[in-house]
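Visitor: Can you keep this structure in mind? I'll have questions shortly.
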Amino acid sequence: MYTAALHQPFPSPARLTMITRKYLYLIALAREKHFGRAAEACHVSASTLSAAIRDIESELGVTIVERGQQFSGLTAEGERVLECARQMAARAEGLRQELAQMQDGLTGRLRLGVIPTGLTAVATLTAAFSRRHPQVNVEVSSLSTQQILAGLRNFELDGGIAYLESTSPDLDAYPLWCENHVLLTPQSGPFEGRDCVTWQEAAQIPLGLLTANMHNRQTIDAVFASLGQKPQPTLETDSIISILAHVSAGHWSSIVPRAVLDLIGVPTGTRVFDLREPVVEWATGLLVLNRQPRSPMVDALMNEARALGHGMQNGTRTG
């Protein structure tokens with residue numbers, strides 16, 4: 001399932017026996033940022049949720065929610081309590097997975113956040129995972145790099161697919177593939193008879209690119225900037241599929257990862273040119289939170305990523 005935003009369903013309290021409902025309510029409130037929506041996600045009344053939050057405050061002797069007519073955030077103490085609650089929920093879910101794995105094999109939901117340019121190539125990883133763990137449902141969300149990092153640190157994602165330059169000490173990274181970018185243009189474009197185009201030439205034609213908050217766009221802008229170029233795209237979108245459709249419509253060209261086209265094919269009515277001067281590659285891989293113990297779900301995902309990365313290093317085609 002591909003979704004456009006990070007919005008995880010509220011976990012059933014019956015499945016998380018190590019953490020009481022009131023702390024799950026706090027997690028939901030922090031996620032939804034609204035008492036009514038949080039209560040709905042938890043399948044309780046708003047008054048029940050509010051009472052649970054007050055109970056936490058009474059139990060710990062601190063104020064955890066900023067008081068006002070509407071939810072306006074957590075106090076510093078509340079943020080610390082929330083961090084602990086998320087850790088407890090993650091450990092409880094890990095225990096549930098471990099016990100289920102001992103009985104019938106791994107079950108549950110694998111939650112992956114993927115940068116838009118990786119949404120097609122990641123199918124190689126998810127397909128291998130699902131063949132090995134058929135009882136696990138896979139949820140793939142299209143997210144920016146910053147959303148992926150936040151989702152990992154908030155225990156809302158099991159793994160993220162992003163450029164490996166996004167790594168930090170609290171994350172472990174596993175290389176999956178290296179991608180170079182190509183110029184995708186309408187067949188009636190200006191480079192008839194060519195097999196490659198320079199970045200300088202690409203800067204002079206109408207471009208459709210991912211939005212400026214996307215890491216892929218930022219890396220493309222950095223290449224242009226190193227050449228003294230600053231093209232102004234006349235189409236911006238947060239969807240790689242939308243880019244392919246717009247180029248196919250015949251007006252725009254775009255710069256896209258070759259791996260996208262390798263897996264789903266070249267769109268009708270378009271042509272592909274290698275980009276030269278310079279030739280640039282970006283390493284993409286799996287990011288997981290560096291924490292122990294890891295959940296069985298994350299361990300299983302890492303094993304598939306290692307196998308896929310090993311195949312890439314030995315020349316096996318991965319996407």
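Here's how to read the names in the structure tokens: chain A, B, ... by the order shown, residue numbers from 1 in each chain, ligand numbers from 1 in the order shown.
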Excluding range 208-217 of chain A and its own-chain neighbours fewer than 3 positions away, which residues fall within 9 Å of it when counting only C-alpha atoms? Please give them as a list in words.
Guide: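 Skipping anything fewer than 3 positions along the chain leaves Ile115, Pro116, Thr117, Leu143, Ser144, Thr145, Gln146, Ala162, Tyr163, Ile220, Asp221, Ala222, Pro233, Thr234, Leu235, Glu236, Thr237, Asp238, Ser239, Ile240, Ile243, His246, Val247, Trp252, Ser253, Ser254, Ile255 and Val256 of chain A.
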Visitor: In Å, how far is it from CA of Met297 in chain A to CA of Leu106 in chain A?
Guide: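 Between these atoms lies a distance of 7.4 Å.
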Visitor: Can you work out which one of A:Leu289, A:Arg21, A:Gly189, A:Val62 has the shortest atom-to-atom distance to Leu149 in chain A, counting only C-alpha atoms?
Guide: A:Leu289
Visitor: Considering only C-alpha atoms, can you say which of A:Gln135, A:Thr198, A:Ser141, A:Thr268 comes closest to Arg111 in chain A?
Guide: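 So, comparing all the options, the nearest one is A:Ser141.
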Visitor: Leaving out Val260 in chain A and any residue of its chain fewer than 6 positions from it, which residues lie within 9 Å of it when counting only C-alpha atoms, given as a count of residues only?
Guide: 8
Visitor: Hey, can you check how far CA of Ala41 in chain A sits from CA of Ala85 in chain A?
Guide: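 Separation between CA of Ala41 in chain A and CA of Ala85 in chain A: 17.0 Å.
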Visitor: Identify which of the residues A:Arg294, A:Met302, A:Pro206, A:Cys178 lies closest to Val280 in chain A, counting only C-alpha atoms when measuring atom-to-atom distances.
Guide: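 Closest residue, counting only C-alpha atoms: A:Cys178.
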Visitor: Mind listing the helix (DSSP H, G or I) residues of range 47-171 of chain A, per DSSP on the backbone, as a PyMOL selection string?
Guide: chain A and resi 47-60+76-104+116-118+123-132+145-153+164-166
Visitor: Set the distance at 12 Å and use only C-alpha atoms: which residues neighbour Glu277 in chain A once local chain neighbours fewer than 3 positions away are removed? I'd like the list as a PyMOL selection string.
Guide: chain A and resi 196-202+223-224+226-227+274+280
Visitor: Keeping only N, CA and C atoms, write the selected residues as a short mmCIF file (atom, residue, chain, number, x, y, z; two decimals), in the first residue's frame.
Guide:
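Final output, saved to part-v3.cif:
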```cif
data_model
loop_
_atom_site.label_atom_id
_atom_site.label_comp_id
_atom_site.auth_asym_id
_atom_site.auth_seq_id
_atom_site.Cartn_x
_atom_site.Cartn_y
_atom_site.Cartn_z
N CYS A 196 23.67 11.17 -25.07
CA CYS A 196 23.94 11.77 -23.78
C CYS A 196 23.77 13.29 -23.88
N VAL A 197 23.57 13.90 -22.74
CA VAL A 197 23.35 15.34 -22.63
C VAL A 197 24.14 15.83 -21.43
N THR A 198 24.67 17.04 -21.49
CA THR A 198 25.39 17.58 -20.34
C THR A 198 24.41 18.23 -19.37
N TRP A 199 24.82 18.35 -18.13
CA TRP A 199 24.00 19.05 -17.14
C TRP A 199 23.78 20.50 -17.55
N GLN A 200 24.80 21.10 -18.16
CA GLN A 200 24.66 22.49 -18.63
C GLN A 200 23.53 22.59 -19.65
N GLU A 201 23.46 21.64 -20.57
CA GLU A 201 22.39 21.65 -21.58
C GLU A 201 21.03 21.42 -20.94
N ALA A 202 20.99 20.52 -19.94
CA ALA A 202 19.72 20.23 -19.27
C ALA A 202 19.17 21.45 -18.56
N VAL A 223 24.17 19.93 -7.90
CA VAL A 223 24.98 19.69 -9.10
C VAL A 223 24.92 20.90 -10.03
N PHE A 224 23.72 21.44 -10.25
CA PHE A 224 23.60 22.62 -11.10
C PHE A 224 24.39 23.79 -10.51
N SER A 226 27.03 23.71 -8.69
CA SER A 226 28.49 23.51 -8.87
C SER A 226 28.94 23.90 -10.27
N LEU A 227 27.99 23.98 -11.21
CA LEU A 227 28.30 24.37 -12.59
C LEU A 227 27.92 25.83 -12.86
N ASP A 274 21.66 9.76 -21.11
CA ASP A 274 22.62 9.80 -20.01
C ASP A 274 23.03 11.25 -19.75
N VAL A 280 27.29 11.68 -12.01
CA VAL A 280 27.05 11.73 -10.57
C VAL A 280 26.26 10.50 -10.13
#
```
Visitor: Which residue is closest to Leu171 in chain A? Choose from A:Ala225, A:Arg291, A:Ala89, A:Val140 and count only C-alpha atoms.
Guide: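 Of A:Ala225, A:Arg291, A:Ala89, A:Val140, the one nearest Leu171 in chain A, counting only C-alpha atoms, is A:Arg291.
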